[in-house]
Amino acid sequence: MASTSFSIMGWVGGKRGLGGRKINSIRAQETEIQPSQINLQPEQEEKQTKVKSKPPPVTQPPQLNAKSKNMGVEYGGQWLSSVTRHVRIYAAYIDPVTNAFDQTQMDKLTLILDPTNEFVWTSETCNMVYAYFQELVDHYEGAPLTEYTLRLIGSDIEHYIRKLLYDGEIKYNMNARVLNFSMGKPRVKFNNNKEVQDLQ
Amino acid sequence: MQGRLSAWLVKHRLVHRSLGFDYQGIETLQIKPEDWHSIAVILYVYGYNYLRSQCAYDVAPGGLLASVYHLTRIQYGVDQPEEVCIKVFAPRENPIITSVFWIWKSADFQERESYDMLGIYYDNHPRLKRILMPESWIGWPLRKDYIAPNFYEIQDAH
């Protein structure tokens with residue numbers, strides 16, 4: 001994996017006032033993107049000797065808002081991705097302002113966290129997920145950049161989000177557009193490690 | 001008890017092993033992987049012009065992988081055609097079996113599925129790649145020692 005830097009991008013549903021939410025807004029991406037974009041440079045790049053470096057197709061011009069047109073990867077027609085409900089990982093650079101996919105920068109991974117706003121996110125919990133993402137990317141360094149690897153990373157992040165939910169770190173967003181509790185029905189203190197006090 | 005095809009193969013000194021008969025009375029033979037290509041050609045010349053099914057399975061944990069071929073001899077005016085079942089066993093570490101695609105063309109997708117699910121490499125197959133799983137998948141899902149990855153799926157949606 002020729003990963004030299006990673007851009008992590010997310011947007012937070014709980015930051016804005018929920019009263020002013022437009023439920024039917026279609027382009028939710030443009031309204032809710034936060035400029036909190038983190039570019040991380042892993043240091044141990046040179047140690048990986050068996051990295052199957054996939055050279056980014058530099059001969060192609062950068063694609064403006066690439067859409068799937070049944071073309072090859074090098075033409076921006078499709079991209080390596082792992083898409084589940086709360087985690088979308090693309091092996092591409094997504095401009096946080098214009099949402100343009102830049103498929104030519106395949107050395108970057110972009111994480112879009114919870115695009116349907118099922119949970120209430122604060123910046124601390126977002127940073128926990130981002131840190132875990134960075135940890136996973138470091139862990140899978142040297143693995144081939146395939147959909148399988150991306151799906152392993154995305155699944156681990158989903159399990160981590162589930163753990164956060166069960167630990168009470170994040171909560172369901174009751175104003176979400178779809179309220180089907182995809183990680184289990186809400187309950188009181190699922191992972192309560194402390195002893196329950198006996199009532200006297 | 002020896003079936004008709006087994007007797008014919010013995011008469012022509014072709015190495016095989018009889019595995020008995022299945023519940024429909026169809027003869028079952030085991031053939032070594034290195035003999036399989038030549039015997040398949042001989043069976044086609046004998047008259048088995050129809051590969052009814054090709055499948056594969058994992059015999060036992062840590063054991064052999066089997067590739068099974070059901071052959072039928074289609075002729076005019078025959079309502080009980082001759083059938084035979086061939087099993088070819090390959091070692092788990094390096095399972096290579098000669099493809100019968102160039103003899104019976106219908107083996108194409110079925111051998112690809114056997115490759116996809118069990119990792120049997122069919123030698124001389126024109127386009128041997130995964131057919132059901134994504135091409136970047138790792139592992140052979142129908143082997144008995146396969147461990148499924150812990151992929152996230154929607155589990156509790158209400």
# chains A, B, ... in the order shown; residues from 1 in each chain; ligands from 1

$ residues_around --residues "region 21-26 of chain B" --least-positions-apart "3" --cutoff "9 Å" --atoms "only C-alpha atoms" --output "list in words"
Gly3, Ser18, Leu29, Glu82, Glu83, Val84 and Cys85 of chain B

$ residues_around --residues "Pro149 (chain B)" --least-positions-apart "3" --cutoff "10 Å" --atoms "only C-alpha atoms" --output "list in words"
Tyr148, Arg151, Leu152 and Ser155 of chain A; Ile138, Gly139, Tyr146 and Tyr152 of chain B

$ closest_atom_pairs --of "chain A" --to "chain B" --cutoff "7 Å" --atoms "only C-alpha atoms" --output "Markdown table"
| residue | atom | partner | partner_atom | distance |
| --- | --- | --- | --- | --- |
| A:Thr146 | CA | B:Ser136 | CA | 6.1 |
| A:Glu147 | CA | B:Ser136 | CA | 6.4 |
| A:Tyr148 | CA | B:Ser136 | CA | 5.8 |
| A:Leu152 | CA | B:Phe151 | CA | 6.5 |
| A:Ser155 | CA | B:Tyr152 | CA | 4.7 |
| A:Glu158 | CA | B:Tyr152 | CA | 6.4 |
| A:His159 | CA | B:Tyr152 | CA | 7.0 |
| A:Asn180 | CA | B:His158 | CA | 4.9 |
| A:Phe181 | CA | B:Ala157 | CA | 5.5 |
| A:Ser182 | CA | B:Ala157 | CA | 4.0 |
| A:Met183 | CA | B:Asp156 | CA | 5.4 |
| A:Gly184 | CA | B:Asp156 | CA | 4.9 |

$ residues_around --residues "Leu136 (chain A)" --least-positions-apart "2" --cutoff "10 Å" --atoms "only C-alpha atoms" --output "number ranges by chain"
A: 130-134, 138-141, 152-154, 156-157

$ write_last_selection --atoms "N, CA, C and O atoms" --output "short mmCIF file (atom, residue, chain, number, x, y, z; two decimals), in the first residue's frame"
data_model
loop_
_atom_site.label_atom_id
_atom_site.label_comp_id
_atom_site.auth_asym_id
_atom_site.auth_seq_id
_atom_site.Cartn_x
_atom_site.Cartn_y
_atom_site.Cartn_z
N TYR A 130 -11.25 8.50 14.75
CA TYR A 130 -10.16 8.81 13.81
C TYR A 130 -8.85 8.20 14.28
O TYR A 130 -8.07 7.68 13.48
N ALA A 131 -8.63 8.27 15.60
CA ALA A 131 -7.40 7.68 16.12
C ALA A 131 -7.39 6.17 15.91
O ALA A 131 -6.36 5.57 15.56
N TYR A 132 -8.56 5.57 16.08
CA TYR A 132 -8.64 4.12 15.86
C TYR A 132 -8.43 3.79 14.39
O TYR A 132 -7.78 2.79 14.05
N PHE A 133 -8.94 4.65 13.53
CA PHE A 133 -8.73 4.46 12.09
C PHE A 133 -7.25 4.54 11.75
O PHE A 133 -6.72 3.71 11.00
N GLN A 134 -6.59 5.54 12.33
CA GLN A 134 -5.16 5.68 12.08
C GLN A 134 -4.38 4.46 12.60
O GLN A 134 -3.48 3.95 11.94
N ASP A 138 -2.22 1.89 10.32
CA ASP A 138 -0.84 1.53 10.63
C ASP A 138 -0.68 0.03 10.78
O ASP A 138 0.32 -0.56 10.39
N HIS A 139 -1.71 -0.58 11.34
CA HIS A 139 -1.64 -2.03 11.55
C HIS A 139 -1.65 -2.78 10.23
O HIS A 139 -0.94 -3.77 10.06
N TYR A 140 -2.44 -2.31 9.29
CA TYR A 140 -2.55 -3.01 8.01
C TYR A 140 -1.54 -2.51 7.00
O TYR A 140 -1.69 -2.77 5.81
N GLU A 141 -0.57 -1.79 7.45
CA GLU A 141 0.40 -1.27 6.50
C GLU A 141 1.22 -2.42 5.94
O GLU A 141 1.64 -3.33 6.65
N LEU A 152 -11.92 -5.02 5.90
CA LEU A 152 -11.47 -5.41 7.24
C LEU A 152 -11.35 -4.17 8.13
O LEU A 152 -11.82 -4.16 9.28
N ILE A 153 -10.76 -3.11 7.58
CA ILE A 153 -10.61 -1.88 8.36
C ILE A 153 -11.99 -1.30 8.70
O ILE A 153 -12.27 -0.95 9.85
N GLY A 154 -12.85 -1.23 7.69
CA GLY A 154 -14.17 -0.65 7.92
C GLY A 154 -14.98 -1.45 8.91
O GLY A 154 -15.68 -0.89 9.76
N ASP A 156 -13.77 -3.27 11.34
CA ASP A 156 -13.23 -3.04 12.68
C ASP A 156 -13.71 -1.70 13.24
O ASP A 156 -14.00 -1.60 14.43
N ILE A 157 -13.81 -0.70 12.36
CA ILE A 157 -14.29 0.59 12.86
C ILE A 157 -15.76 0.49 13.25
O ILE A 157 -16.20 1.05 14.25
#

$ select_by_dssp --residues "region 1-146 of chain B" --states "strand (DSSP E)" --output "ChimeraX atom specification"
/B:17-21,27-31,50-58,65-72,83-90,96-98,121-123

$ atom_distance --atom1 "CA of Thr84 (chain A)" --atom2 "CA of Leu118 (chain B)"
27.7 Å

$ atom_distance --atom1 "CA of Asp145 (chain B)" --atom2 "CA of Leu65 (chain B)"
12.1 Å
